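The file run.cif contains mmCIF, C-alpha atoms:
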```
data_final
#
loop_
_atom_site.label_atom_id
_atom_site.label_comp_id
_atom_site.auth_asym_id
_atom_site.auth_seq_id
_atom_site.Cartn_x
_atom_site.Cartn_y
_atom_site.Cartn_z
CA MET M 355 -31.63 78.16 46.41
CA THR M 356 -28.96 75.46 46.37
CA VAL M 357 -28.23 72.71 48.85
CA PHE M 358 -25.06 74.64 49.80
CA ASP M 359 -26.71 78.01 50.47
CA ALA M 360 -26.85 77.48 54.24
CA HIS M 361 -23.13 76.68 54.21
CA PHE M 362 -22.40 79.72 52.04
CA ALA M 363 -24.32 81.92 54.49
CA ALA M 364 -22.43 80.50 57.48
CA ALA M 365 -19.06 81.05 55.84
CA LEU M 366 -19.98 84.63 54.89
CA GLN M 367 -21.24 85.35 58.40
CA LYS M 368 -17.92 84.17 59.78
CA ARG M 369 -16.14 86.63 57.50
CA GLU M 370 -18.60 89.37 58.49
CA THR M 371 -17.89 88.82 62.17
CA ALA M 372 -14.14 88.93 61.57
CA GLY M 373 -14.42 92.12 59.51
CA THR M 374 -12.99 90.37 56.44
CA ARG M 375 -16.06 89.92 54.24
CA ARG M 376 -15.53 91.36 50.78
CA SER M 377 -18.05 92.89 48.40
CA LEU M 378 -17.97 94.54 44.99
CA ARG M 379 -18.46 98.31 44.93
CA PRO M 380 -18.56 99.81 41.44
CA VAL M 381 -16.94 103.06 40.45
CA THR M 382 -17.35 105.17 37.34
CA ARG M 383 -14.19 106.04 35.47
CA GLU M 384 -13.73 109.02 33.23
CA THR M 385 -10.51 110.29 31.70
CA GLY M 386 -8.42 111.42 34.64
CA ALA M 387 -11.17 110.88 37.19
CA ILE M 388 -12.88 108.25 39.32
CA LEU M 389 -16.36 108.67 40.79
CA ARG M 390 -18.43 106.67 43.26
CA ASP M 391 -22.02 107.59 44.07
CA GLY M 392 -21.45 110.87 42.27
CA GLN M 393 -18.44 111.81 44.40
CA ARG M 394 -15.16 112.58 42.67
CA LEU M 395 -12.31 110.66 44.34
CA ILE M 396 -8.54 110.88 44.33
CA ASP M 397 -7.45 107.34 43.49
CA VAL M 398 -4.56 105.98 45.57
CA SER M 399 -5.57 102.32 45.33
CA SER M 400 -5.30 101.20 41.70
CA ASN M 401 -2.15 99.94 39.98
CA ASP M 402 -2.24 102.36 37.03
CA TYR M 403 1.07 103.81 38.19
CA LEU M 404 1.82 105.88 35.09
CA GLY M 405 -1.73 106.74 34.09
CA LEU M 406 -1.55 104.78 30.85
CA ALA M 407 -5.07 103.36 31.17
CA ASP M 408 -6.23 106.81 30.04
CA HIS M 409 -3.44 107.47 27.54
CA PRO M 410 -4.79 108.48 24.11
CA LEU M 411 -2.33 106.33 22.16
CA LEU M 412 -3.38 103.17 24.06
CA ARG M 413 -7.06 104.02 23.56
CA GLU M 414 -6.55 104.66 19.85
CA ARG M 415 -4.50 101.56 19.12
CA ALA M 416 -6.81 99.30 21.13
CA ALA M 417 -9.81 100.67 19.20
CA ASP M 418 -8.01 100.50 15.87
CA TRP M 419 -6.92 96.89 16.30
CA ALA M 420 -10.43 95.89 17.39
CA LEU M 421 -11.93 97.54 14.32
CA ARG M 422 -9.36 95.97 11.99
CA TYR M 423 -9.10 92.48 13.49
CA GLY M 424 -12.30 91.90 15.49
CA THR M 425 -13.22 91.60 19.13
CA GLY M 426 -11.72 88.19 19.85
CA ALA M 427 -8.93 85.84 18.84
CA ARG M 428 -11.59 83.11 18.46
CA ALA M 429 -9.50 80.19 19.74
CA SER M 430 -6.59 79.15 21.92
CA ARG M 431 -3.10 79.86 20.67
CA LEU M 432 -2.44 76.22 19.71
CA VAL M 433 -5.66 75.84 17.72
CA CYS M 434 -6.02 78.84 15.42
CA GLY M 435 -5.93 81.73 17.87
CA THR M 436 -2.35 82.82 17.23
CA LEU M 437 -2.49 85.99 15.16
CA ASP M 438 0.52 87.70 13.65
CA LEU M 439 -0.26 90.37 16.26
CA HIS M 440 0.58 87.97 19.08
CA HIS M 441 3.99 87.23 17.62
CA ALA M 442 4.69 90.92 16.99
CA VAL M 443 3.81 91.92 20.56
CA GLU M 444 5.79 89.01 22.02
CA GLU M 445 8.85 90.03 20.01
CA LYS M 446 8.43 93.61 21.24
CA LEU M 447 8.16 92.40 24.85
CA ALA M 448 11.31 90.30 24.45
CA ARG M 449 13.21 93.34 23.19
CA PHE M 450 11.85 95.43 26.07
CA LYS M 451 13.09 92.83 28.58
CA HIS M 452 16.35 92.11 26.71
CA CYS M 453 15.44 88.43 26.49
CA ASP M 454 15.44 85.93 23.64
CA ALA M 455 11.68 85.39 23.72
CA ALA M 456 8.41 86.19 25.46
CA LEU M 457 5.05 84.47 25.75
CA LEU M 458 1.70 86.16 26.44
CA PHE M 459 -0.80 84.97 29.06
CA ALA M 460 -4.25 86.25 29.99
CA SER M 461 -3.22 87.48 33.45
CA GLY M 462 -0.41 87.41 35.95
CA TRP M 463 -2.37 85.00 38.13
CA GLN M 464 -2.86 82.63 35.21
CA ALA M 465 0.80 82.83 34.28
CA ASN M 466 2.15 82.08 37.75
CA ALA M 467 -0.47 79.46 38.56
CA SER M 468 0.27 77.47 35.40
CA VAL M 469 3.96 78.15 34.74
CA VAL M 470 5.14 77.07 38.21
CA PRO M 471 3.53 73.60 37.86
CA ALA M 472 4.95 73.27 34.34
CA LEU M 473 8.45 73.94 35.65
CA CYS M 474 7.96 71.61 38.60
CA ALA M 475 6.92 68.84 36.19
CA LEU M 476 10.28 69.28 34.44
CA SER M 477 12.15 68.12 37.54
CA VAL M 478 10.10 64.93 37.82
CA ALA M 479 10.44 64.21 34.10
CA GLN M 480 14.19 64.82 33.96
CA THR M 481 15.38 63.59 37.37
CA GLY M 482 12.56 61.45 38.71
CA HIS M 483 12.39 63.70 41.79
CA PRO M 484 10.18 66.65 42.75
CA MET M 485 11.29 70.22 42.20
CA ILE M 486 12.68 71.88 45.33
CA VAL M 487 11.06 75.33 45.40
CA PHE M 488 12.56 78.02 47.64
CA SER M 489 9.90 80.72 48.07
CA ASP M 490 9.86 84.07 49.79
CA ARG M 491 7.15 83.87 52.46
CA LEU M 492 5.46 87.01 51.14
CA ASN M 493 5.20 85.89 47.52
CA HIS M 494 1.93 86.58 45.73
CA ALA M 495 -0.89 84.06 46.26
CA SER M 496 -0.67 82.97 42.61
CA LEU M 497 2.89 81.71 43.16
CA HIS M 498 1.87 79.76 46.25
CA HIS M 499 -1.11 78.40 44.31
CA GLY M 500 1.20 77.26 41.52
CA CYS M 501 3.27 75.27 44.00
CA ALA M 502 0.12 73.75 45.52
CA ALA M 503 -1.15 72.81 42.06
CA ALA M 504 2.19 71.14 41.37
CA GLY M 505 1.94 69.16 44.61
CA VAL M 506 5.32 70.36 45.86
CA ARG M 507 6.16 71.44 49.38
CA GLN M 508 7.67 74.88 49.36
CA VAL M 509 10.85 75.58 51.29
CA ARG M 510 9.91 79.06 52.47
CA PHE M 511 12.56 81.57 53.50
CA ARG M 512 11.94 84.59 55.71
CA HIS M 513 10.95 87.63 53.72
CA ASN M 514 13.97 89.09 51.89
CA ASP M 515 16.28 87.21 54.27
CA LEU M 516 18.96 85.91 51.95
CA ALA M 517 21.07 84.51 54.78
CA HIS M 518 18.11 82.32 55.71
CA LEU M 519 17.66 81.36 52.05
CA GLU M 520 21.30 80.29 51.82
CA THR M 521 20.94 78.22 54.98
CA LEU M 522 18.01 76.41 53.37
CA LEU M 523 19.86 75.97 50.06
CA LYS M 524 22.75 74.38 51.95
CA ARG M 525 20.38 72.17 53.93
CA GLU M 526 18.81 70.85 50.72
CA ALA M 527 22.05 70.63 48.74
CA ALA M 528 22.10 66.82 48.76
CA THR M 529 18.37 66.43 48.08
CA PRO M 530 17.80 65.06 44.56
CA GLY M 531 15.79 67.07 42.04
CA LEU M 532 16.03 70.42 40.28
CA ARG M 533 15.82 73.53 42.43
CA MET M 534 14.14 76.89 41.85
CA ILE M 535 14.15 80.20 43.75
CA VAL M 536 10.88 82.14 43.42
CA THR M 537 10.44 85.77 44.41
CA GLU M 538 8.76 89.02 43.52
CA SER M 539 11.00 91.96 42.66
CA VAL M 540 8.54 94.43 44.26
CA PHE M 541 6.22 92.97 46.87
CA SER M 542 2.66 94.05 46.26
CA MET M 543 1.49 94.44 49.86
CA ASP M 544 4.66 95.88 51.44
CA GLY M 545 6.18 97.91 48.61
CA ASP M 546 9.73 96.71 49.28
CA ARG M 547 12.21 95.21 46.83
CA ALA M 548 14.10 91.96 46.56
CA ASP M 549 17.87 92.04 46.03
CA ILE M 550 17.86 90.48 42.57
CA PRO M 551 21.67 90.55 42.01
CA ALA M 552 22.22 88.77 45.33
CA LEU M 553 19.53 86.22 44.47
CA ARG M 554 21.24 85.64 41.12
CA ALA M 555 24.52 84.99 42.92
CA LEU M 556 22.85 82.46 45.23
CA ALA M 557 21.10 80.79 42.30
CA ASP M 558 24.43 80.40 40.52
CA ARG M 559 26.16 79.09 43.65
CA TYR M 560 23.55 76.41 44.25
CA ASP M 561 22.61 75.60 40.64
CA ALA M 562 19.08 76.97 40.98
CA PHE M 563 16.67 78.47 38.46
CA LEU M 564 15.64 82.06 39.36
CA TYR M 565 11.96 82.94 38.81
CA VAL M 566 11.09 86.63 39.34
CA ASP M 567 7.60 88.13 39.38
CA GLU M 568 7.99 91.71 38.12
CA ALA M 569 4.29 92.68 38.17
CA HIS M 570 4.80 95.85 40.22
CA ALA M 571 8.23 96.79 38.85
CA THR M 572 7.45 96.57 35.13
CA GLY M 573 7.18 100.07 33.70
CA VAL M 574 8.17 101.75 36.99
CA LEU M 575 11.68 100.63 37.96
CA GLY M 576 14.89 99.86 36.17
CA PRO M 577 16.34 101.51 33.06
CA HIS M 578 13.47 102.98 31.01
CA GLY M 579 10.97 101.05 33.14
CA GLN M 580 12.27 97.64 32.09
CA GLY M 581 12.13 96.27 35.66
CA LEU M 582 14.76 94.94 38.01
CA SER M 583 15.36 91.46 36.63
CA GLY M 584 16.98 92.25 33.28
CA GLY M 585 19.83 89.87 32.52
CA LEU M 586 19.57 88.32 35.99
CA ALA M 587 16.44 86.17 36.16
CA ASP M 588 16.08 82.90 34.28
CA LEU M 589 12.38 83.68 33.98
CA THR M 590 10.60 86.99 34.40
CA MET M 591 6.83 87.21 34.77
CA GLY M 592 5.42 90.67 34.15
CA THR M 593 1.92 92.05 33.84
CA CYS M 594 0.39 94.47 31.36
CA SER M 595 -2.45 95.37 33.74
CA LYS M 596 -0.57 97.70 36.08
CA ALA M 597 1.91 100.32 34.87
CA LEU M 598 1.27 99.29 31.25
CA GLY M 599 -2.36 100.30 31.66
CA GLY M 600 -4.06 97.35 29.97
CA MET M 601 -4.56 93.64 30.60
CA GLY M 602 -2.59 90.43 30.21
CA ALA M 603 0.80 89.15 31.29
CA TYR M 604 3.97 87.73 29.82
CA ILE M 605 6.80 85.35 30.54
CA ALA M 606 10.21 86.43 29.27
CA GLY M 607 13.34 84.30 29.07
CA SER M 608 15.08 81.95 26.69
CA ARG M 609 13.55 80.65 23.48
CA LEU M 610 13.70 77.10 24.83
CA LEU M 611 11.89 78.17 28.00
CA CYS M 612 9.02 79.68 26.01
CA ASP M 613 8.85 76.69 23.67
CA TYR M 614 8.68 74.40 26.71
CA LEU M 615 5.81 76.42 28.20
CA ILE M 616 3.89 76.35 24.91
CA ASN M 617 3.89 72.57 25.33
CA HIS M 618 3.47 72.25 29.10
CA ALA M 619 1.77 75.31 30.67
CA SER M 620 -1.91 74.44 30.98
CA GLY M 621 -3.02 78.06 31.40
CA PHE M 622 -1.51 78.84 28.01
CA ILE M 623 -2.58 75.66 26.23
CA TYR M 624 -6.25 75.65 27.27
CA SER M 625 -7.11 79.38 27.25
CA THR M 626 -8.44 81.50 24.43
CA ALA M 627 -5.80 83.89 23.12
CA LEU M 628 -5.75 87.57 24.08
CA PRO M 629 -8.02 89.68 21.82
CA PRO M 630 -6.74 92.31 19.35
CA ALA M 631 -7.85 95.32 21.42
CA VAL M 632 -5.82 94.10 24.41
CA LEU M 633 -2.81 93.47 22.18
CA GLY M 634 -3.13 96.97 20.73
CA ALA M 635 -3.00 98.52 24.20
CA ILE M 636 0.08 96.46 25.13
CA ASP M 637 1.79 97.38 21.87
CA ALA M 638 1.16 101.10 22.41
CA ALA M 639 2.29 100.94 26.04
CA LEU M 640 5.61 99.45 24.97
CA ASP M 641 6.09 102.43 22.64
CA VAL M 642 5.34 104.94 25.40
CA ILE M 643 6.92 103.40 28.54
CA PRO M 644 10.64 103.86 27.68
CA GLY M 645 10.19 107.62 27.32
CA MET M 646 8.48 108.16 30.68
CA ASP M 647 11.52 108.71 32.89
CA THR M 648 10.10 112.03 34.14
CA GLU M 649 6.88 110.32 35.25
CA ARG M 650 8.85 107.56 36.97
CA THR M 651 10.94 110.11 38.85
CA THR M 652 7.79 111.97 39.88
CA LEU M 653 6.12 108.78 41.05
CA LEU M 654 8.99 107.61 43.24
CA GLY M 655 9.45 111.15 44.55
CA GLN M 656 5.83 111.17 45.73
CA ALA M 657 6.49 108.05 47.80
CA GLU M 658 9.66 109.58 49.25
CA THR M 659 7.54 112.56 50.33
CA LEU M 660 4.66 110.51 51.77
CA ARG M 661 6.59 107.97 53.82
CA PRO M 662 8.35 110.39 56.21
CA LEU M 663 5.14 112.38 56.72
CA LEU M 664 3.48 109.20 57.94
CA ASN M 665 6.50 107.79 59.78
CA ASN M 666 7.02 111.03 61.70
CA ALA M 667 3.41 110.76 62.86
CA GLY M 668 4.05 107.25 64.19
CA PHE M 669 2.71 105.16 61.30
CA ASP M 670 4.44 101.99 60.15
CA THR M 671 4.98 101.87 56.37
CA ALA M 672 6.91 98.58 56.55
CA GLU M 673 10.07 98.55 54.41
CA SER M 674 8.52 100.33 51.43
CA THR M 675 10.95 101.83 48.91
CA THR M 676 8.59 102.04 45.93
CA GLN M 677 5.33 103.57 44.75
CA ILE M 678 3.44 101.14 47.02
CA VAL M 679 3.21 102.54 50.57
CA PRO M 680 1.41 100.35 53.13
CA VAL M 681 -0.03 102.09 56.17
CA LEU M 682 -0.39 99.42 58.83
CA ILE M 683 -3.56 99.83 60.89
CA GLY M 684 -3.84 96.48 62.68
CA GLU M 685 -7.34 95.09 63.06
CA ALA M 686 -9.47 94.49 59.98
CA GLN M 687 -12.54 96.46 61.09
CA ARG M 688 -10.42 99.44 62.10
CA ALA M 689 -8.77 99.47 58.65
CA LEU M 690 -12.22 99.38 57.03
CA ASP M 691 -13.41 102.25 59.19
CA VAL M 692 -10.41 104.40 58.28
CA ALA M 693 -10.83 103.63 54.57
CA THR M 694 -14.52 104.59 54.76
CA ALA M 695 -13.68 107.84 56.52
CA LEU M 696 -11.05 108.66 53.88
CA GLU M 697 -13.55 108.00 51.11
CA SER M 698 -16.01 110.41 52.70
CA GLU M 699 -13.29 113.02 52.26
CA GLY M 700 -12.70 112.16 48.61
CA LEU M 701 -9.75 109.79 48.96
CA LEU M 702 -9.99 106.22 47.64
CA ALA M 703 -7.57 104.23 49.80
CA VAL M 704 -8.85 100.68 50.06
CA ALA M 705 -8.29 98.57 53.17
CA ILE M 706 -6.42 95.28 52.67
CA ARG M 707 -7.36 92.64 55.24
CA PRO M 708 -6.65 89.00 56.06
CA PRO M 709 -6.30 86.53 54.47
CA THR M 710 -4.53 88.69 51.88
CA VAL M 711 -2.21 89.90 54.65
CA PRO M 712 -1.42 88.22 58.00
CA ALA M 713 -3.84 88.61 60.89
CA GLY M 714 -3.25 91.80 62.85
CA THR M 715 -1.62 93.59 59.90
CA ALA M 716 -4.65 94.99 58.05
CA ARG M 717 -3.58 98.09 56.22
CA LEU M 718 -4.28 100.83 53.78
CA ARG M 719 -2.33 99.92 50.66
CA ILE M 720 -1.48 103.26 49.12
CA ALA M 721 -0.64 102.87 45.42
CA LEU M 722 0.55 106.18 44.05
CA HIS M 723 0.44 107.29 40.43
CA ALA M 724 2.30 109.91 38.44
CA GLY M 725 -0.83 112.04 37.91
CA LEU M 726 -1.01 113.06 41.56
CA GLN M 727 0.02 116.56 42.62
CA ASP M 728 2.13 117.58 45.61
CA ALA M 729 -1.03 118.96 47.22
CA ASP M 730 -2.69 115.55 46.85
CA ILE M 731 0.15 113.84 48.73
CA LYS M 732 -0.02 116.40 51.54
CA ARG M 733 -3.82 116.08 51.72
CA LEU M 734 -3.61 112.29 51.83
CA ALA M 735 -1.02 112.28 54.63
CA GLU M 736 -2.92 114.81 56.69
CA ALA M 737 -6.18 112.87 56.34
CA ILE M 738 -4.60 109.54 57.34
CA ILE M 739 -2.90 111.11 60.35
CA ARG M 740 -6.10 112.79 61.47
CA LEU M 741 -8.47 109.87 60.87
CA ALA M 742 -6.25 106.98 62.00
CA GLY M 743 -3.79 108.71 64.31
CA ASN M 744 -5.70 108.10 67.51
CA GLU M 745 -4.96 104.38 67.17
CA GLN M 746 -1.20 104.82 66.84
#
```
Give the structure from this file in structure tokens form.
Amino acid sequence: MTVFDAHFAAALQKRETAGTRRSLRPVTRETGAILRDGQRLIDVSSNDYLGLADHPLLRERAADWALRYGTGARASRLVCGTLDLHHAVEEKLARFKHCDAALLFASGWQANASVVPALCALSVAQTGHPMIVFSDRLNHASLHHGCAAAGVRQVRFRHNDLAHLETLLKREAATPGLRMIVTESVFSMDGDRADIPALRALADRYDAFLYVDEAHATGVLGPHGQGLSGGLADLTMGTCSKALGGMGAYIAGSRLLCDYLINHASGFIYSTALPPAVLGAIDAALDVIPGMDTERTTLLGQAETLRPLLNNAGFDTAESTTQIVPVLIGEAQRALDVATALESEGLLAVAIRPPTVPAGTARLRIALHAGLQDADIKRLAEAIIRLAGNEQ
């Protein structure tokens, strides 16, 4: 018992009452399968969009690099944790993104939460004034956290509303300090896309730095899965834990940008370097991803099949145009009930509830993957319509 346990219990009870308490429920993973309590489930919740977490080349290279180089990097990158493997993978990532340089981080959260403050510090150091950060309202929590950690007040524009963004850029035109536009290219809870070329044009017009989070586009969208930001963003953050099937994240951009972050991004400076096995999986994924155009076409085709089936039955799938298809349910407990009912029928479609999404917009976040069959998509749509349709 701790002196805070009564407070912990009260806070958890509040979440329980609101239907937003979270808990950890383990699954068992086998190649090509997911099981919970002995039941085989069709997974439409994870971010393994191309199935690379089970790919034999990633498994083999991860195991090989662990056997050859050990289980850990043993130190942070700036002490003695930088292996030649880190440099080789970073160079490969830079080529993949058509950038001068790339820098590895432990996770996308760590990258965003430490890179944003590092960039904000640049404005104070160079101009004596805070960074002016223009953020899409639906940006990932890690980007908002980075701004909070930097102590800057975000100038938030309505989701994907570039006219509103330009109004705000004009309003702040005379405000001293550097300015930065921050967005995701694919929004993780709604499955829609930002207009990156239009954002680039606005950034150029108002002398702003363009920061793009490509976590859910990397590997899936763009030429050969290279994402949507190529040649347009000043900084791209991408993850290796979704379509690339492993773990970790990267920043891609200019050489000077990466050198600056080596010296100023706390999440990079004070964290132990990624281990060899993780690097091996990333390295193998970068070999495989460019040749997976057929899988990418299949994946996006699945979403194009699923959305009208749900829309025609009266379900709101927001503005999804990608492999992420939200099915808006409304109240948190109702979303949980539908997810539980789907699981009983062998479909793993996890409910996403506040505070991750706004109150009243709890949803099933359907995350498709290229290993699904046409029959799986039809089965999923029919089950959602039958189990949740009476609330529409």
**Message:** Please enumerate the residues selected by the PyMOL selection byres ((chain M and resi 408) around 9) when evaluated against the supplied file, formatted as a PyMOL selection string.
**Reply:** chain M and resi 384-386+405-407+409-413+599
**Item:** Within 10 Å of range 476-484 of chain M using all atoms listed in the file, minus same-chain residues under 5 positions, as JSON, numbers by chain
**Value:** {"M": [471, 504, 505, 506, 507, 529, 530, 531, 532, 533, 534, 614, 618]}
Explicit residue set for the PyMOL selection byres ((chain M and resi 550) around 8), as an mmCIF file with C-alpha atoms, in the frame of the given file:
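Below is the file that was written, selection.cif:
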```cif
data_model
loop_
_atom_site.group_PDB
_atom_site.id
_atom_site.type_symbol
_atom_site.label_atom_id
_atom_site.label_comp_id
_atom_site.auth_asym_id
_atom_site.auth_seq_id
_atom_site.Cartn_x
_atom_site.Cartn_y
_atom_site.Cartn_z
ATOM 1 C CA SER M 539 11.000 91.960 42.660
ATOM 2 C CA ALA M 548 14.100 91.960 46.560
ATOM 3 C CA ASP M 549 17.870 92.040 46.030
ATOM 4 C CA PRO M 551 21.670 90.550 42.010
ATOM 5 C CA ALA M 552 22.220 88.770 45.330
ATOM 6 C CA LEU M 553 19.530 86.220 44.470
ATOM 7 C CA ARG M 554 21.240 85.640 41.120
ATOM 8 C CA LEU M 582 14.760 94.940 38.010
ATOM 9 C CA SER M 583 15.360 91.460 36.630
ATOM 10 C CA LEU M 586 19.570 88.320 35.990
ATOM 11 C CA ALA M 587 16.440 86.170 36.160
#
```
**Asked** Taking into account only C-alpha atoms, which residue in the set M:Val632, M:Cys501, M:Ile678, M:Leu653 is nearest to Thr425 in chain M?
**Response** M:Val632
**Prompt:** Which is closest to Ile616 in chain M among M:Arg449, M:Arg431, M:His518, M:Arg559, if we use all atoms listed in the file?
**Reply:** M:Arg431
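Taking all atoms listed in the file into account, Ile720 in chain M lies nearest to M:Ser400 out of the set M:Ser377, M:Ser698, M:Ser400, M:Ser489.
The residue that comes closest to Leu457 in chain M, out of M:Asn514, M:Thr436, M:Asn665, M:Ser674 and on the basis of all atoms listed in the file, is M:Thr436.
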**Asked** For this file, the PyMOL selection byres ((chain M and resi 584) around 12) selects which residues, as a PyMOL selection string?
**Response** chain M and resi 448-454+539+550-551+554+564-568+571-572+575-583+585-592+606-607
